[in-house]
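Below: input02.pdb (PDB, C-alpha atoms)
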ATOM      1  CA  MET A 677       0.000   0.000   0.000  1.00  0.00           C
ATOM      2  CA  LYS A 678       1.367   3.391  -0.990  1.00  0.00           C
ATOM      3  CA  GLY A 679       1.391   5.828   1.922  1.00  0.00           C
ATOM      4  CA  TYR A 680       0.661   9.546   2.071  1.00  0.00           C
ATOM      5  CA  GLY A 681       3.865  10.429   3.894  1.00  0.00           C
ATOM      6  CA  GLN A 682       1.884  11.773   6.854  1.00  0.00           C
ATOM      7  CA  PHE A 683       1.700  10.629  10.472  1.00  0.00           C
ATOM      8  CA  CYS A 684      -1.903  11.860  10.783  1.00  0.00           C
ATOM      9  CA  PRO A 685      -4.236   9.029  11.931  1.00  0.00           C
ATOM     10  CA  VAL A 686      -6.688   9.959   9.160  1.00  0.00           C
ATOM     11  CA  ALA A 687      -3.921   9.419   6.591  1.00  0.00           C
ATOM     12  CA  LYS A 688      -2.957   6.100   8.164  1.00  0.00           C
ATOM     13  CA  THR A 689      -6.576   4.903   8.085  1.00  0.00           C
ATOM     14  CA  ALA A 690      -6.994   6.085   4.496  1.00  0.00           C
ATOM     15  CA  GLU A 691      -3.884   4.162   3.430  1.00  0.00           C
ATOM     16  CA  ILE A 692      -5.739   0.961   4.316  1.00  0.00           C
ATOM     17  CA  PHE A 693      -9.419   1.762   3.885  1.00  0.00           C
ATOM     18  CA  ALA A 694      -9.616   4.323   1.064  1.00  0.00           C
ATOM     19  CA  GLN A 695      -8.322   2.141  -1.774  1.00  0.00           C
ATOM     20  CA  ARG A 696     -10.725   1.264  -4.579  1.00  0.00           C
ATOM     21  CA  TRP A 697     -12.905  -1.768  -3.692  1.00  0.00           C
ATOM     22  CA  THR A 698     -11.591  -2.053  -0.119  1.00  0.00           C
ATOM     23  CA  PRO A 699     -14.693  -0.584   1.608  1.00  0.00           C
ATOM     24  CA  LEU A 700     -16.866  -3.022  -0.359  1.00  0.00           C
ATOM     25  CA  ILE A 701     -14.711  -5.967   0.682  1.00  0.00           C
ATOM     26  CA  VAL A 702     -15.032  -4.870   4.305  1.00  0.00           C
ATOM     27  CA  ARG A 703     -18.789  -4.468   3.749  1.00  0.00           C
ATOM     28  CA  GLU A 704     -19.047  -8.080   2.563  1.00  0.00           C
ATOM     29  CA  LEU A 705     -17.089  -9.378   5.558  1.00  0.00           C
ATOM     30  CA  CYS A 706     -19.268  -7.384   7.950  1.00  0.00           C
ATOM     31  CA  PHE A 707     -21.998  -9.886   7.044  1.00  0.00           C
ATOM     32  CA  GLY A 708     -19.825 -12.676   8.447  1.00  0.00           C
ATOM     33  CA  PRO A 709     -16.868 -14.909   7.442  1.00  0.00           C
ATOM     34  CA  LYS A 710     -16.833 -15.835   3.765  1.00  0.00           C
ATOM     35  CA  ARG A 711     -15.005 -17.916   1.198  1.00  0.00           C
ATOM     36  CA  PHE A 712     -13.209 -16.152  -1.635  1.00  0.00           C
ATOM     37  CA  SER A 713     -15.971 -16.997  -4.134  1.00  0.00           C
ATOM     38  CA  GLU A 714     -18.628 -15.529  -1.851  1.00  0.00           C
ATOM     39  CA  ILE A 715     -16.727 -12.267  -1.477  1.00  0.00           C
ATOM     40  CA  HIS A 716     -16.124 -12.087  -5.223  1.00  0.00           C
ATOM     41  CA  PHE A 717     -19.829 -12.633  -5.938  1.00  0.00           C
ATOM     42  CA  GLY A 718     -20.596  -9.435  -4.040  1.00  0.00           C
ATOM     43  CA  MET A 719     -17.943  -7.415  -5.869  1.00  0.00           C
ATOM     44  CA  GLY A 720     -19.626  -7.176  -9.267  1.00  0.00           C
ATOM     45  CA  THR A 721     -16.998  -6.232 -11.864  1.00  0.00           C
ATOM     46  CA  MET A 722     -13.912  -6.582  -9.655  1.00  0.00           C
ATOM     47  CA  SER A 723     -11.340  -8.976 -11.111  1.00  0.00           C
ATOM     48  CA  ARG A 724     -10.334 -12.041  -9.108  1.00  0.00           C
ATOM     49  CA  ALA A 725      -6.668 -11.016  -9.319  1.00  0.00           C
ATOM     50  CA  LEU A 726      -7.351  -7.609  -7.776  1.00  0.00           C
ATOM     51  CA  LEU A 727      -9.480  -9.180  -5.045  1.00  0.00           C
ATOM     52  CA  VAL A 728      -6.583 -11.514  -4.178  1.00  0.00           C
ATOM     53  CA  GLN A 729      -4.305  -8.479  -3.965  1.00  0.00           C
ATOM     54  CA  ARG A 730      -6.674  -6.470  -1.774  1.00  0.00           C
ATOM     55  CA  LEU A 731      -7.317  -9.387   0.596  1.00  0.00           C
ATOM     56  CA  THR A 732      -3.580  -9.960   0.929  1.00  0.00           C
ATOM     57  CA  GLU A 733      -3.047  -6.276   1.730  1.00  0.00           C
ATOM     58  CA  LEU A 734      -5.853  -6.327   4.301  1.00  0.00           C
ATOM     59  CA  GLU A 735      -4.403  -9.431   5.940  1.00  0.00           C
ATOM     60  CA  GLU A 736      -0.970  -7.785   6.107  1.00  0.00           C
ATOM     61  CA  ALA A 737      -2.598  -4.719   7.685  1.00  0.00           C
ATOM     62  CA  GLY A 738      -4.261  -6.869  10.370  1.00  0.00           C
ATOM     63  CA  VAL A 739      -7.770  -6.134   9.133  1.00  0.00           C
ATOM     64  CA  VAL A 740      -8.537  -9.603   7.748  1.00  0.00           C
ATOM     65  CA  ALA A 741      -7.601 -13.041   9.068  1.00  0.00           C
ATOM     66  CA  THR A 742      -7.792 -16.340   7.187  1.00  0.00           C
ATOM     67  CA  GLU A 743      -8.629 -19.852   8.247  1.00  0.00           C
ATOM     68  CA  PRO A 744      -7.608 -22.824   6.045  1.00  0.00           C
ATOM     69  CA  LEU A 745     -10.382 -25.033   4.731  1.00  0.00           C
ATOM     70  CA  ALA A 746     -10.278 -28.350   2.923  1.00  0.00           C
ATOM     71  CA  GLN A 747     -10.480 -26.264  -0.244  1.00  0.00           C
ATOM     72  CA  GLY A 748      -9.435 -22.626  -0.112  1.00  0.00           C
ATOM     73  CA  LYS A 749      -9.657 -20.271   2.850  1.00  0.00           C
ATOM     74  CA  LEU A 750     -12.262 -18.661   5.049  1.00  0.00           C
ATOM     75  CA  TYR A 751     -11.846 -14.882   5.379  1.00  0.00           C
ATOM     76  CA  ARG A 752     -13.082 -12.919   8.376  1.00  0.00           C
ATOM     77  CA  LEU A 753     -12.555  -9.535   9.953  1.00  0.00           C
ATOM     78  CA  THR A 754     -10.202  -9.229  12.909  1.00  0.00           C
ATOM     79  CA  ARG A 755     -11.075  -6.981  15.823  1.00  0.00           C
ATOM     80  CA  ALA A 756      -9.332  -4.153  13.975  1.00  0.00           C
ATOM     81  CA  GLY A 757     -11.370  -4.937  10.868  1.00  0.00           C
ATOM     82  CA  GLU A 758     -14.580  -5.091  12.843  1.00  0.00           C
ATOM     83  CA  SER A 759     -13.888  -1.529  13.987  1.00  0.00           C
ATOM     84  CA  PHE A 760     -14.621  -0.420  10.405  1.00  0.00           C
ATOM     85  CA  ARG A 761     -18.242  -1.558  10.804  1.00  0.00           C
ATOM     86  CA  ASP A 762     -19.418   1.844  12.055  1.00  0.00           C
ATOM     87  CA  ILE A 763     -17.750   3.530   9.088  1.00  0.00           C
ATOM     88  CA  ILE A 764     -19.569   1.185   6.680  1.00  0.00           C
ATOM     89  CA  VAL A 765     -22.871   1.986   8.389  1.00  0.00           C
ATOM     90  CA  MET A 766     -22.203   5.724   8.164  1.00  0.00           C
ATOM     91  CA  MET A 767     -21.309   5.374   4.475  1.00  0.00           C
ATOM     92  CA  SER A 768     -24.599   3.552   3.917  1.00  0.00           C
ATOM     93  CA  ILE A 769     -26.542   6.309   5.673  1.00  0.00           C
ATOM     94  CA  TRP A 770     -24.748   9.039   3.714  1.00  0.00           C
ATOM     95  CA  GLY A 771     -25.401   7.237   0.429  1.00  0.00           C
ATOM     96  CA  GLN A 772     -29.088   6.854   1.237  1.00  0.00           C
ATOM     97  CA  ARG A 773     -29.457  10.529   2.024  1.00  0.00           C
ATOM     98  CA  TYR A 774     -27.229  12.097  -0.602  1.00  0.00           C
ATOM     99  CA  GLY A 775     -26.380   9.461  -3.199  1.00  0.00           C
ATOM    100  CA  GLN A 776     -29.791   8.532  -4.601  1.00  0.00           C
ATOM    101  CA  GLY A 777     -29.305  10.749  -7.636  1.00  0.00           C
ATOM    102  CA  ARG A 778     -26.123   8.891  -8.602  1.00  0.00           C
ATOM    103  CA  LEU A 779     -27.939   5.703  -9.640  1.00  0.00           C
ATOM    104  CA  GLY A 780     -27.345   5.089 -13.331  1.00  0.00           C
ATOM    105  CA  PRO A 781     -27.810   2.416 -16.020  1.00  0.00           C
ATOM    106  CA  ALA A 782     -24.546   0.693 -15.042  1.00  0.00           C
ATOM    107  CA  ASP A 783     -25.948   0.107 -11.545  1.00  0.00           C
ATOM    108  CA  MET A 784     -28.992  -1.847 -12.765  1.00  0.00           C
ATOM    109  CA  ASP A 785     -27.635  -5.316 -11.974  1.00  0.00           C
ATOM    110  CA  PRO A 786     -30.280  -7.908 -10.975  1.00  0.00           C
ATOM    111  CA  THR A 787     -27.617 -10.232  -9.562  1.00  0.00           C
ATOM    112  CA  MET A 788     -26.426  -7.592  -7.106  1.00  0.00           C
ATOM    113  CA  LEU A 789     -30.039  -6.810  -6.191  1.00  0.00           C
ATOM    114  CA  VAL A 790     -30.904 -10.420  -5.358  1.00  0.00           C
ATOM    115  CA  TRP A 791     -27.599 -10.858  -3.493  1.00  0.00           C
ATOM    116  CA  SER A 792     -28.434  -7.740  -1.470  1.00  0.00           C
ATOM    117  CA  MET A 793     -31.895  -9.101  -0.692  1.00  0.00           C
ATOM    118  CA  LYS A 794     -30.483 -12.423   0.505  1.00  0.00           C
ATOM    119  CA  ARG A 795     -27.909 -10.966   2.863  1.00  0.00           C
ATOM    120  CA  GLN A 796     -30.153  -8.194   4.187  1.00  0.00           C
ATOM    121  CA  ILE A 797     -32.891 -10.543   5.375  1.00  0.00           C
ATOM    122  CA  ASP A 798     -32.795 -10.673   9.167  1.00  0.00           C
ATOM    123  CA  PRO A 799     -32.738 -14.356  10.255  1.00  0.00           C
ATOM    124  CA  ARG A 800     -35.142 -13.432  13.055  1.00  0.00           C
ATOM    125  CA  ASP A 801     -37.759 -12.504  10.432  1.00  0.00           C
ATOM    126  CA  LEU A 802     -37.717 -15.807   8.546  1.00  0.00           C
ATOM    127  CA  PRO A 803     -41.083 -17.606   8.294  1.00  0.00           C
ATOM    128  CA  ASP A 804     -42.046 -20.676  10.277  1.00  0.00           C
ATOM    129  CA  ARG A 805     -42.680 -22.510   6.996  1.00  0.00           C
ATOM    130  CA  GLU A 806     -40.975 -22.625   3.614  1.00  0.00           C
ATOM    131  CA  ILE A 807     -41.980 -19.899   1.132  1.00  0.00           C
ATOM    132  CA  VAL A 808     -40.866 -20.047  -2.501  1.00  0.00           C
ATOM    133  CA  VAL A 809     -40.677 -16.693  -4.287  1.00  0.00           C
ATOM    134  CA  ARG A 810     -40.223 -16.091  -8.025  1.00  0.00           C
ATOM    135  CA  LEU A 811     -38.811 -12.759  -9.195  1.00  0.00           C
ATOM    136  CA  GLU A 812     -39.532 -11.502 -12.720  1.00  0.00           C
ATOM    137  CA  PHE A 813     -37.704  -8.319 -13.766  1.00  0.00           C
ATOM    138  CA  ARG A 814     -38.468  -6.058 -16.718  1.00  0.00           C
ATOM    139  CA  GLY A 815     -36.157  -3.438 -18.183  1.00  0.00           C
ATOM    140  CA  VAL A 816     -33.029  -5.498 -17.525  1.00  0.00           C
ATOM    141  CA  PRO A 817     -29.908  -4.195 -19.360  1.00  0.00           C
ATOM    142  CA  LYS A 818     -28.680  -6.405 -22.213  1.00  0.00           C
ATOM    143  CA  ALA A 819     -25.541  -7.263 -20.254  1.00  0.00           C
ATOM    144  CA  HIS A 820     -27.732  -8.976 -17.643  1.00  0.00           C
ATOM    145  CA  ALA A 821     -30.517 -10.269 -19.921  1.00  0.00           C
ATOM    146  CA  THR A 822     -30.016 -13.880 -18.786  1.00  0.00           C
ATOM    147  CA  ARG A 823     -30.732 -12.890 -15.176  1.00  0.00           C
ATOM    148  CA  ARG A 824     -34.326 -11.714 -15.570  1.00  0.00           C
ATOM    149  CA  TYR A 825     -35.764 -14.578 -13.507  1.00  0.00           C
ATOM    150  CA  TRP A 826     -34.779 -15.650  -9.997  1.00  0.00           C
ATOM    151  CA  TRP A 827     -36.148 -17.834  -7.223  1.00  0.00           C
ATOM    152  CA  ILE A 828     -35.681 -17.273  -3.511  1.00  0.00           C
ATOM    153  CA  ILE A 829     -36.537 -19.994  -1.003  1.00  0.00           C
ATOM    154  CA  LEU A 830     -37.238 -18.667   2.472  1.00  0.00           C
ATOM    155  CA  ARG A 831     -36.919 -21.318   5.160  1.00  0.00           C
ATOM    156  CA  PRO A 832     -37.135 -21.021   8.957  1.00  0.00           C
ATOM    157  CA  ASP A 833     -33.331 -21.277   9.195  1.00  0.00           C
ATOM    158  CA  ASP A 834     -32.014 -20.405   5.737  1.00  0.00           C
ATOM    159  CA  VAL A 835     -32.354 -18.288   2.584  1.00  0.00           C
ATOM    160  CA  GLU A 836     -31.498 -19.935  -0.745  1.00  0.00           C
ATOM    161  CA  VAL A 837     -31.187 -18.152  -4.091  1.00  0.00           C
ATOM    162  CA  CYS A 838     -31.674 -20.103  -7.339  1.00  0.00           C
ATOM    163  CA  PHE A 839     -31.016 -19.241 -10.999  1.00  0.00           C
ATOM    164  CA  LYS A 840     -33.490 -21.918 -12.098  1.00  0.00           C
ATOM    165  CA  ALA A 841     -36.882 -23.026 -10.851  1.00  0.00           C
ATOM    166  CA  PRO A 842     -36.354 -25.389  -7.903  1.00  0.00           C
ATOM    167  CA  GLU A 843     -37.593 -28.843  -8.793  1.00  0.00           C
ATOM    168  CA  GLY A 844     -40.678 -30.170  -7.080  1.00  0.00           C
ATOM    169  CA  LYS A 845     -41.576 -26.877  -5.402  1.00  0.00           C
ATOM    170  CA  ASP A 846     -44.632 -24.732  -5.975  1.00  0.00           C
ATOM    171  CA  VAL A 847     -44.264 -20.956  -6.076  1.00  0.00           C
ATOM    172  CA  ASP A 848     -46.047 -19.219  -3.202  1.00  0.00           C
ATOM    173  CA  ALA A 849     -45.474 -15.605  -4.238  1.00  0.00           C
ATOM    174  CA  VAL A 850     -44.316 -13.725  -7.339  1.00  0.00           C
ATOM    175  CA  ILE A 851     -42.606 -10.341  -7.513  1.00  0.00           C
ATOM    176  CA  ALA A 852     -42.944  -8.817 -10.995  1.00  0.00           C
ATOM    177  CA  ALA A 853     -41.261  -5.454 -11.410  1.00  0.00           C
ATOM    178  CA  GLU A 854     -39.337  -2.979 -13.481  1.00  0.00           C
ATOM    179  CA  LEU A 855     -35.784  -3.551 -12.298  1.00  0.00           C
ATOM    180  CA  GLU A 856     -34.857   0.076 -11.640  1.00  0.00           C
ATOM    181  CA  THR A 857     -38.092   0.743  -9.769  1.00  0.00           C
ATOM    182  CA  PHE A 858     -37.721  -2.325  -7.570  1.00  0.00           C
ATOM    183  CA  ILE A 859     -34.136  -1.374  -6.748  1.00  0.00           C
ATOM    184  CA  ARG A 860     -35.408   2.031  -5.630  1.00  0.00           C
ATOM    185  CA  VAL A 861     -38.242   0.471  -3.631  1.00  0.00           C
ATOM    186  CA  TRP A 862     -35.880  -2.074  -2.059  1.00  0.00           C
ATOM    187  CA  MET A 863     -33.458   0.682  -1.073  1.00  0.00           C
ATOM    188  CA  GLY A 864     -36.285   2.760   0.422  1.00  0.00           C
ATOM    189  CA  TYR A 865     -35.848   5.567  -2.109  1.00  0.00           C
ATOM    190  CA  GLU A 866     -39.383   5.092  -3.412  1.00  0.00           C
ATOM    191  CA  GLY A 867     -42.547   3.892  -1.731  1.00  0.00           C
ATOM    192  CA  TYR A 868     -43.984   0.496  -2.619  1.00  0.00           C
ATOM    193  CA  ALA A 869     -47.538   1.880  -2.755  1.00  0.00           C
ATOM    194  CA  GLU A 870     -46.668   4.439  -5.444  1.00  0.00           C
ATOM    195  CA  ALA A 871     -44.774   1.855  -7.496  1.00  0.00           C
ATOM    196  CA  VAL A 872     -47.749  -0.513  -7.347  1.00  0.00           C
ATOM    197  CA  GLU A 873     -50.184   2.263  -8.276  1.00  0.00           C
ATOM    198  CA  ARG A 874     -48.364   3.021 -11.514  1.00  0.00           C
ATOM    199  CA  GLY A 875     -47.939  -0.670 -12.354  1.00  0.00           C
ATOM    200  CA  ALA A 876     -44.157  -0.782 -11.981  1.00  0.00           C
ATOM    201  CA  VAL A 877     -44.150  -3.382  -9.170  1.00  0.00           C
ATOM    202  CA  SER A 878     -46.539  -6.109  -8.081  1.00  0.00           C
ATOM    203  CA  MET A 879     -46.585  -8.976  -5.596  1.00  0.00           C
ATOM    204  CA  SER A 880     -48.999 -11.812  -6.216  1.00  0.00           C
ATOM    205  CA  GLY A 881     -49.751 -15.188  -4.693  1.00  0.00           C
ATOM    206  CA  ASP A 882     -51.614 -16.404  -1.652  1.00  0.00           C
ATOM    207  CA  ALA A 883     -52.395 -13.539   0.710  1.00  0.00           C
ATOM    208  CA  ILE A 884     -50.503 -14.905   3.718  1.00  0.00           C
ATOM    209  CA  SER A 885     -47.305 -15.533   1.731  1.00  0.00           C
ATOM    210  CA  VAL A 886     -47.427 -12.080   0.121  1.00  0.00           C
ATOM    211  CA  ARG A 887     -47.972 -10.369   3.463  1.00  0.00           C
ATOM    212  CA  THR A 888     -45.175 -12.389   5.077  1.00  0.00           C
ATOM    213  CA  LEU A 889     -42.832 -11.670   2.147  1.00  0.00           C
ATOM    214  CA  LYS A 890     -43.448  -7.951   2.378  1.00  0.00           C
ATOM    215  CA  GLN A 891     -42.657  -8.027   6.091  1.00  0.00           C
ATOM    216  CA  ILE A 892     -39.489 -10.104   5.621  1.00  0.00           C
ATOM    217  CA  LEU A 893     -38.180  -7.818   2.867  1.00  0.00           C
ATOM    218  CA  LYS A 894     -39.184  -4.730   4.859  1.00  0.00           C
ATOM    219  CA  VAL A 895     -40.749  -3.175   1.777  1.00  0.00           C
ATOM    220  CA  ALA A 896     -42.493   0.011   2.919  1.00  0.00           C
ATOM    221  CA  ASP A 897     -45.415   1.827   1.327  1.00  0.00           C
ATOM    222  CA  GLN A 898     -43.630   5.155   1.804  1.00  0.00           C
ATOM    223  CA  PRO A 899     -39.956   6.073   1.205  1.00  0.00           C
ATOM    224  CA  TYR A 900     -37.725   5.555   4.229  1.00  0.00           C
ATOM    225  CA  GLU A 901     -34.075   5.353   5.236  1.00  0.00           C
ATOM    226  CA  ARG A 902     -33.337   1.657   5.056  1.00  0.00           C
ATOM    227  CA  PRO A 903     -30.731   0.528   7.610  1.00  0.00           C
ATOM    228  CA  ILE A 904     -27.987  -1.870   6.605  1.00  0.00           C
ATOM    229  CA  VAL A 905     -28.319  -5.117   8.586  1.00  0.00           C
ATOM    230  CA  PHE A 906     -25.271  -7.079   9.740  1.00  0.00           C
ATOM    231  CA  ALA A 907     -25.083 -10.316  11.684  1.00  0.00           C
ATOM    232  CA  PRO A 908     -23.715  -9.904  15.230  1.00  0.00           C
ATOM    233  CA  PHE A 909     -19.916  -9.940  15.376  1.00  0.00           C
ATOM    234  CA  GLU A 910     -18.828 -13.088  17.163  1.00  0.00           C
ATOM    235  CA  GLN A 911     -15.218 -13.742  16.160  1.00  0.00           C
ATOM    236  CA  ALA A 912     -12.352 -11.392  16.807  1.00  0.00           C
ATOM    237  CA  ALA A 913      -8.584 -11.710  16.835  1.00  0.00           C
TER     238      ALA A 913
END
Spell out the structure here as structure tokens.
Amino acid sequence: MKGYGQFCPVAKTAEIFAQRWTPLIVRELCFGPKRFSEIHFGMGTMSRALLVQRLTELEEAGVVATEPLAQGKLYRLTRAGESFRDIIVMMSIWGQRYGQGRLGPADMDPTMLVWSMKRQIDPRDLPDREIVVRLEFRGVPKAHATRRYWWIILRPDDVEVCFKAPEGKDVDAVIAAELETFIRVWMGYEGYAEAVERGAVSMSGDAISVRTLKQILKVADQPYERPIVFAPFEQAA
């Protein structure tokens, strides 16, 4: 890591944290320990080689620790890395308040949306029975045209995301939406009620499943400042 040539603590923190992609890597690890492939999935267009480099730098800086697995490694935040959690939360709040206007066509990625939905579901909100949800997106950019349809299986102890229809399972609820609008509704930038009224978003299926789904996803009828949800920090070194 190239330094600023300053002893200021802000400079020293920036030398580690302010590099491109690093805050997003820390964001991913705030959700809990992950394998390399899981971190990379949340990085969008970041190359695998650059992710290897950044993780190595973070490990050298004492922010990330690794644990060998039968195949690969498990990456987790150290106590020093966990201390960045409040900064990630503040960045999320700032972006919600002042960054809404920066959303552009390049940000309309259904894979990142579904990944965000999966990791932001609070385990305490999961249903007491299995609910299968199909997502159907309209207005998907050509680069992501093969990712128009998704399935999410909500279980009492797990959330599974599928690229294909799960075999032998009936769909309990369907979300059909314009991709950009649903991203804005999911983020709390736009109210669900308004999006439904103009036909940009709909949820259908049996009434109980739809009501439960709306509660689990914390989709609100009016715009609101959606908090970022992290699992409790349990491991520190």
Here is a test: counting only C-alpha atoms, which residue of A:Asp798, A:Glu733, A:Glu704, A:Glu758 is nearest to Phe717 in chain A?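 Checking each of A:Asp798, A:Glu733, A:Glu704, A:Glu758 against Phe717 in chain A, counting only C-alpha atoms, the winner is A:Glu704.
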Got a sec: who's within 10 Å of Ile701 in chain A, counting all atoms listed in the file, leaving out chain neighbours fewer than 5 positions off, as a list of chain:residue names? A:Phe693, A:Arg696, A:Cys706, A:Ile715, A:His716, A:Gly718, A:Met719, A:Leu727, A:Arg730, A:Leu731, A:Leu734
May I have the residues within 9 Å of Lys710 in chain A as a PyMOL selection string, using all atoms listed in the file and disregarding those fewer than 6 positions away in the same chain? chain A and resi 704+749-752
May I ask which of the residues A:Arg814, A:Arg800, A:Lys840, A:Arg755 is the closest one to Trp826 in chain A, counting only C-alpha atoms?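 The answer is A:Lys840, which sits nearest to Trp826 in chain A.
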Which value, in Å to one decimal, gives the distance between CA of Val861 in chain A and CA of Asp846 in chain A? 26.1 Å
Grab the CA of Thr787 in chain A to CA of Thr742 in chain A distance for me, in Å with one decimal place.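 Interatomic distance here is 26.7 Å.
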Among listed residues A:Asp783, A:Glu735, A:Arg724, A:Phe712, nearest Thr754 in chain A (using all atoms listed in the file):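 Closest to Thr754 in chain A of all the choices is A:Glu735.
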Evaluate the PyMOL selection byres ((chain A and resi 875-877) around 6) on the structure here and hand back the selected residues as a ChimeraX atom specification. /A:852-854,871-874,878
Just the selected residues (C-alpha atoms), exported as a short mmCIF file (atom, residue, chain, number, x, y, z; two decimals), in the frame of the given file, please.
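Writing done, so here's selection-v6.cif:
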data_model
loop_
_atom_site.label_atom_id
_atom_site.label_comp_id
_atom_site.auth_asym_id
_atom_site.auth_seq_id
_atom_site.Cartn_x
_atom_site.Cartn_y
_atom_site.Cartn_z
CA ALA A 852 -42.94 -8.82 -11.00
CA ALA A 853 -41.26 -5.45 -11.41
CA GLU A 854 -39.34 -2.98 -13.48
CA ALA A 871 -44.77 1.86 -7.50
CA VAL A 872 -47.75 -0.51 -7.35
CA GLU A 873 -50.18 2.26 -8.28
CA ARG A 874 -48.36 3.02 -11.51
CA SER A 878 -46.54 -6.11 -8.08
#
For Gln747 in chain A, which of A:Trp862, A:Ser713, A:Gly881, A:Arg810 is the closest residue, counting all atoms listed in the file?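 Among the listed residues, A:Ser713 lies closest to Gln747 in chain A.
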Running the PyMOL selection byres ((chain A and resi 823) around 9) on this model by hand, what would come out? Give it as a short mmCIF file (atom, residue, chain, number, x, y, z; two decimals) with C-alpha atoms, keeping the file's coordinate frame.
data_model
loop_
_atom_site.label_atom_id
_atom_site.label_comp_id
_atom_site.auth_asym_id
_atom_site.auth_seq_id
_atom_site.Cartn_x
_atom_site.Cartn_y
_atom_site.Cartn_z
CA ASP A 785 -27.64 -5.32 -11.97
CA PRO A 786 -30.28 -7.91 -10.98
CA THR A 787 -27.62 -10.23 -9.56
CA PHE A 813 -37.70 -8.32 -13.77
CA VAL A 816 -33.03 -5.50 -17.52
CA HIS A 820 -27.73 -8.98 -17.64
CA ALA A 821 -30.52 -10.27 -19.92
CA THR A 822 -30.02 -13.88 -18.79
CA ARG A 824 -34.33 -11.71 -15.57
CA TYR A 825 -35.76 -14.58 -13.51
CA TRP A 826 -34.78 -15.65 -10.00
CA PHE A 839 -31.02 -19.24 -11.00
#
Repair of range 677-682 of chain A at the level of all heavy atoms, as a PDB file, in the coordinates of the input:
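Writing done, so here's part_8.pdb:
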ATOM      1  N   MET A 677       0.833  -1.188   0.000  1.00  0.00           N
ATOM      2  CA  MET A 677       0.000   0.000   0.000  1.00  0.00           C
ATOM      3  C   MET A 677       0.878   1.252   0.000  1.00  0.00           C
ATOM      4  O   MET A 677       1.780   1.375   0.824  1.00  0.00           O
ATOM      5  CB  MET A 677      -0.897   0.028   1.246  1.00  0.00           C
ATOM      6  CG  MET A 677      -1.891  -1.114   1.332  1.00  0.00           C
ATOM      7  SD  MET A 677      -2.911  -0.980   2.819  1.00  0.00           S
ATOM      8  CE  MET A 677      -3.823  -2.515   2.715  1.00  0.00           C
ATOM      9  N   LYS A 678       0.608   2.156  -0.915  1.00  0.00           N
ATOM     10  CA  LYS A 678       1.367   3.391  -0.990  1.00  0.00           C
ATOM     11  C   LYS A 678       0.869   4.370   0.055  1.00  0.00           C
ATOM     12  O   LYS A 678      -0.320   4.625   0.176  1.00  0.00           O
ATOM     13  CB  LYS A 678       1.246   4.004  -2.384  1.00  0.00           C
ATOM     14  CG  LYS A 678       2.160   5.201  -2.609  1.00  0.00           C
ATOM     15  CD  LYS A 678       2.077   5.686  -4.031  1.00  0.00           C
ATOM     16  CE  LYS A 678       3.001   6.860  -4.258  1.00  0.00           C
ATOM     17  NZ  LYS A 678       2.939   7.349  -5.661  1.00  0.00           N
ATOM     18  N   GLY A 679       1.779   4.921   0.856  1.00  0.00           N
ATOM     19  CA  GLY A 679       1.391   5.828   1.922  1.00  0.00           C
ATOM     20  C   GLY A 679       1.312   7.269   1.470  1.00  0.00           C
ATOM     21  O   GLY A 679       1.715   7.631   0.355  1.00  0.00           O
ATOM     22  N   TYR A 680       0.797   8.119   2.348  1.00  0.00           N
ATOM     23  CA  TYR A 680       0.661   9.546   2.071  1.00  0.00           C
ATOM     24  C   TYR A 680       1.850  10.351   2.590  1.00  0.00           C
ATOM     25  O   TYR A 680       1.937  11.554   2.360  1.00  0.00           O
ATOM     26  CB  TYR A 680      -0.625  10.088   2.710  1.00  0.00           C
ATOM     27  CG  TYR A 680      -1.891   9.585   2.045  1.00  0.00           C
ATOM     28  CD1 TYR A 680      -2.621   8.541   2.608  1.00  0.00           C
ATOM     29  CD2 TYR A 680      -2.351  10.149   0.868  1.00  0.00           C
ATOM     30  CE1 TYR A 680      -3.769   8.072   2.014  1.00  0.00           C
ATOM     31  CE2 TYR A 680      -3.506   9.685   0.259  1.00  0.00           C
ATOM     32  CZ  TYR A 680      -4.216   8.645   0.838  1.00  0.00           C
ATOM     33  OH  TYR A 680      -5.366   8.183   0.235  1.00  0.00           O
ATOM     34  N   GLY A 681       2.737   9.703   3.323  1.00  0.00           N
ATOM     35  CA  GLY A 681       3.865  10.429   3.894  1.00  0.00           C
ATOM     36  C   GLY A 681       3.444  11.360   5.010  1.00  0.00           C
ATOM     37  O   GLY A 681       4.043  12.418   5.215  1.00  0.00           O
ATOM     38  N   GLN A 682       2.384  10.969   5.738  1.00  0.00           N
ATOM     39  CA  GLN A 682       1.884  11.773   6.854  1.00  0.00           C
ATOM     40  C   GLN A 682       1.659  10.868   8.055  1.00  0.00           C
ATOM     41  O   GLN A 682       1.217   9.728   7.904  1.00  0.00           O
ATOM     42  CB  GLN A 682       0.566  12.476   6.494  1.00  0.00           C
ATOM     43  CG  GLN A 682       0.675  13.478   5.361  1.00  0.00           C
ATOM     44  CD  GLN A 682      -0.635  14.222   5.141  1.00  0.00           C
ATOM     45  OE1 GLN A 682      -1.513  14.250   6.007  1.00  0.00           O
ATOM     46  NE2 GLN A 682      -0.761  14.849   3.982  1.00  0.00           N
TER      47      GLN A 682
END
